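S.K.: Quick one: the structure is below, questions incoming.
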Amino acid sequence: TFRGQPGRTPTAAEEARWPAWFGQIGASIADTGNRVGQARSVGYRGERDDVLGGYIVITAADFDAAVAIAQGCPVLHQGGSLEVGEIVPA
């Protein structure tokens, strides 16, 4: 998941990084995901200084490889952060 700064609008140059990154990791993309509009944490009692911005699902050889792919994510150049999680089959 991608997390950004509340109220911040990315510049045109920052937006242009996304298609380039998707092109670089294209073979790894399992689900291109979506941007997220409204979001609300349920059960979380702390305060957040960021907002949920979107998600993408990738495939990778292992968790460390997934983290390496994520390190190229444009949100990291926009003052945002991301979370990498492993999907565990039920």
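Residue numbering restarts at 1 for every chain of the structure tokens, chains are lettered A, B, ... in their displayed order, and ligands are numbered from 1 as they appear.
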Please provide as a list of chain:residue names all residues within 6 Å of range 39-55 of chain A, with the sequence filter that same-chain residues fewer than 2 positions apart are discarded (counting only C-alpha atoms).

M.R.: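 Here the qualifying residues turn out to be A:Thr1, A:Phe2, A:Arg3, A:Gly4, A:Gln5, A:Pro6, A:Gly33, A:Asn34, A:Arg35, A:Val36.
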
S.K.: Mind writing the picked residues with C-alpha atoms as a PDB file, in the first residue's frame?

M.R.:
ATOM      1  CA  THR A   1       0.000   0.000   0.000  1.00  0.00           C
ATOM      2  CA  PHE A   2       1.111   3.552  -0.658  1.00  0.00           C
ATOM      3  CA  ARG A   3       0.786   6.324   1.890  1.00  0.00           C
ATOM      4  CA  GLY A   4       1.093  10.021   1.183  1.00  0.00           C
ATOM      5  CA  GLN A   5       0.907  13.370   2.879  1.00  0.00           C
ATOM      6  CA  PRO A   6      -2.610  14.698   3.530  1.00  0.00           C
ATOM      7  CA  GLY A  33      -4.300  -1.864  -8.155  1.00  0.00           C
ATOM      8  CA  ASN A  34      -5.933   1.529  -7.825  1.00  0.00           C
ATOM      9  CA  ARG A  35      -5.693   4.843  -6.130  1.00  0.00           C
ATOM     10  CA  VAL A  36      -7.767   5.129  -2.973  1.00  0.00           C
TER      11      VAL A  36
END

S.K.: Using only C-alpha atoms, which residues sit within 12 Å of Glu14 in chain A once same-chain residues fewer than 2 positions away are excluded, as a list of chain:residue names?

M.R.: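 Residues meeting the cut-off are A:Arg8, A:Thr9, A:Pro10, A:Thr11, A:Ala12, A:Ala16, A:Arg17, A:Trp18, A:Pro19, A:Ala20, A:Trp21, A:Cys73, A:Pro74, A:Val75, A:Leu76, A:His77, A:Gln78, A:Gly79, A:Gly80.
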
S.K.: Using N, CA, C and O atoms, can you export the residues from the last selection as an mmCIF file, in the first residue's frame?

M.R.:
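Below is the file that was written, selection00.cif:
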data_model
loop_
_atom_site.group_PDB
_atom_site.id
_atom_site.type_symbol
_atom_site.label_atom_id
_atom_site.label_comp_id
_atom_site.auth_asym_id
_atom_site.auth_seq_id
_atom_site.Cartn_x
_atom_site.Cartn_y
_atom_site.Cartn_z
ATOM 1 N N ARG A 8 -1.541 16.969 -0.016
ATOM 2 C CA ARG A 8 -0.452 17.255 -0.952
ATOM 3 C C ARG A 8 -0.817 16.734 -2.335
ATOM 4 O O ARG A 8 -1.205 15.587 -2.486
ATOM 5 N N THR A 9 -0.657 17.578 -3.335
ATOM 6 C CA THR A 9 -0.908 17.182 -4.720
ATOM 7 C C THR A 9 0.435 16.997 -5.414
ATOM 8 O O THR A 9 1.249 17.930 -5.443
ATOM 9 N N PRO A 10 0.692 15.811 -5.961
ATOM 10 C CA PRO A 10 1.965 15.591 -6.650
ATOM 11 C C PRO A 10 2.106 16.510 -7.870
ATOM 12 O O PRO A 10 1.124 16.852 -8.527
ATOM 13 N N THR A 11 3.336 16.880 -8.174
ATOM 14 C CA THR A 11 3.605 17.688 -9.356
ATOM 15 C C THR A 11 3.478 16.816 -10.602
ATOM 16 O O THR A 11 3.442 15.584 -10.513
ATOM 17 N N ALA A 12 3.429 17.457 -11.758
ATOM 18 C CA ALA A 12 3.360 16.716 -13.024
ATOM 19 C C ALA A 12 4.578 15.816 -13.193
ATOM 20 O O ALA A 12 4.473 14.678 -13.663
ATOM 21 N N ALA A 16 4.592 11.702 -13.499
ATOM 22 C CA ALA A 16 5.205 11.048 -14.660
ATOM 23 C C ALA A 16 6.099 9.880 -14.263
ATOM 24 O O ALA A 16 6.375 9.001 -15.085
ATOM 25 N N ARG A 17 6.547 9.842 -13.025
ATOM 26 C CA ARG A 17 7.392 8.735 -12.570
ATOM 27 C C ARG A 17 6.626 7.413 -12.465
ATOM 28 O O ARG A 17 7.208 6.347 -12.564
ATOM 29 N N TRP A 18 5.302 7.496 -12.239
ATOM 30 C CA TRP A 18 4.515 6.282 -12.041
ATOM 31 C C TRP A 18 4.498 5.387 -13.275
ATOM 32 O O TRP A 18 4.812 4.202 -13.177
ATOM 33 N N PRO A 19 4.142 5.891 -14.462
ATOM 34 C CA PRO A 19 4.139 5.001 -15.633
ATOM 35 C C PRO A 19 5.526 4.446 -15.932
ATOM 36 O O PRO A 19 5.665 3.306 -16.380
ATOM 37 N N ALA A 20 6.553 5.252 -15.671
ATOM 38 C CA ALA A 20 7.918 4.775 -15.897
ATOM 39 C C ALA A 20 8.237 3.612 -14.960
ATOM 40 O O ALA A 20 8.819 2.603 -15.374
ATOM 41 N N TRP A 21 7.850 3.737 -13.695
ATOM 42 C CA TRP A 21 8.112 2.662 -12.730
ATOM 43 C C TRP A 21 7.314 1.415 -13.085
ATOM 44 O O TRP A 21 7.839 0.305 -13.058
ATOM 45 N N CYS A 73 9.607 2.651 -5.863
ATOM 46 C CA CYS A 73 8.277 3.257 -5.963
ATOM 47 C C CYS A 73 8.344 4.785 -5.908
ATOM 48 O O CYS A 73 8.987 5.360 -5.025
ATOM 49 N N PRO A 74 7.672 5.448 -6.847
ATOM 50 C CA PRO A 74 7.684 6.910 -6.889
ATOM 51 C C PRO A 74 7.162 7.604 -5.639
ATOM 52 O O PRO A 74 7.554 8.736 -5.356
ATOM 53 N N VAL A 75 6.304 6.963 -4.866
ATOM 54 C CA VAL A 75 5.777 7.621 -3.668
ATOM 55 C C VAL A 75 6.906 7.987 -2.697
ATOM 56 O O VAL A 75 6.797 8.952 -1.949
ATOM 57 N N LEU A 76 7.999 7.251 -2.749
ATOM 58 C CA LEU A 76 9.127 7.532 -1.866
ATOM 59 C C LEU A 76 9.817 8.842 -2.230
ATOM 60 O O LEU A 76 10.510 9.428 -1.396
ATOM 61 N N HIS A 77 9.632 9.322 -3.464
ATOM 62 C CA HIS A 77 10.192 10.598 -3.908
ATOM 63 C C HIS A 77 9.201 11.739 -3.691
ATOM 64 O O HIS A 77 9.501 12.883 -4.027
ATOM 65 N N GLN A 78 8.036 11.408 -3.165
ATOM 66 C CA GLN A 78 6.983 12.409 -2.958
ATOM 67 C C GLN A 78 6.719 12.642 -1.474
ATOM 68 O O GLN A 78 5.668 13.132 -1.096
ATOM 69 N N GLY A 79 7.649 12.228 -0.630
ATOM 70 C CA GLY A 79 7.462 12.404 0.800
ATOM 71 C C GLY A 79 6.551 11.375 1.426
ATOM 72 O O GLY A 79 6.143 11.515 2.569
ATOM 73 N N GLY A 80 6.207 10.327 0.674
ATOM 74 C CA GLY A 80 5.315 9.292 1.180
ATOM 75 C C GLY A 80 6.071 8.063 1.647
ATOM 76 O O GLY A 80 7.296 8.037 1.707
#

S.K.: To one decimal in Å, tell me the separation between CA of Glu15 in chain A and CA of Ala30 in chain A.

M.R.: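 Interatomic distance here is 21.3 Å.
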
S.K.: Could you name the residues that touch Ala70 in chain A at 8 Å or less, counting only C-alpha atoms, but leaving out those on the same chain fewer than 4 positions away, as a PyMOL selection string?

M.R.: chain A and resi 66+82+84

S.K.: Based on the selection just made, write C-alpha atoms of those residues as a PDB file, in the first residue's frame.

M.R.:
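Written out: out.pdb:
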ATOM      1  CA  ALA A  66       9.522  -7.659  -3.202  1.00  0.00           C
ATOM      2  CA  LEU A  82       4.721   2.300   1.595  1.00  0.00           C
ATOM      3  CA  VAL A  84       5.119  -4.389   1.736  1.00  0.00           C
TER       4      VAL A  84
END

S.K.: Separation of CA of Ala65 in chain A and CA of Phe22 in chain A, in Å?

M.R.: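 Separation of CA of Ala65 in chain A and CA of Phe22 in chain A: 16.0 Å.
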
S.K.: Could you give me, as a VMD selection string, each residue of chain A that DSSP assigns to strand (DSSP E or B) when run on this structure's backbone?

M.R.: chain A and resid 2 to 4 29 to 35 51 to 58 81 to 82

S.K.: Pull the alpha helix (DSSP H) assignments for chain A out of DSSP run on the backbone, and list those residues as a PDB file with C-alpha atoms, in the first residue's frame.

M.R.:
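As a result, part_20.pdb now contains:
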ATOM      1  CA  ALA A  12       3.360  16.716 -13.024  1.00  0.00           C
ATOM      2  CA  ALA A  13       6.966  15.491 -12.896  1.00  0.00           C
ATOM      3  CA  GLU A  14       6.173  13.300  -9.875  1.00  0.00           C
ATOM      4  CA  GLU A  15       3.085  11.877 -11.597  1.00  0.00           C
ATOM      5  CA  ALA A  16       5.205  11.048 -14.660  1.00  0.00           C
ATOM      6  CA  ARG A  17       7.392   8.735 -12.570  1.00  0.00           C
ATOM      7  CA  TRP A  18       4.515   6.282 -12.041  1.00  0.00           C
ATOM      8  CA  PRO A  19       4.139   5.001 -15.633  1.00  0.00           C
ATOM      9  CA  ALA A  20       7.918   4.775 -15.897  1.00  0.00           C
ATOM     10  CA  TRP A  21       8.112   2.662 -12.730  1.00  0.00           C
ATOM     11  CA  PHE A  22       5.236   0.446 -13.864  1.00  0.00           C
ATOM     12  CA  GLY A  23       7.141  -0.065 -17.116  1.00  0.00           C
ATOM     13  CA  GLN A  24      10.273  -1.091 -15.210  1.00  0.00           C
ATOM     14  CA  ILE A  25       8.473  -3.624 -13.011  1.00  0.00           C
ATOM     15  CA  PHE A  63       9.979 -11.132   0.423  1.00  0.00           C
ATOM     16  CA  ASP A  64      13.367  -9.422   0.102  1.00  0.00           C
ATOM     17  CA  ALA A  65      12.939  -9.262  -3.687  1.00  0.00           C
ATOM     18  CA  ALA A  66       9.522  -7.659  -3.202  1.00  0.00           C
ATOM     19  CA  VAL A  67      11.055  -5.049  -0.895  1.00  0.00           C
ATOM     20  CA  ALA A  68      13.771  -4.362  -3.482  1.00  0.00           C
ATOM     21  CA  ILE A  69      11.115  -3.765  -6.156  1.00  0.00           C
ATOM     22  CA  ALA A  70       9.177  -1.501  -3.782  1.00  0.00           C
TER      23      ALA A  70
END
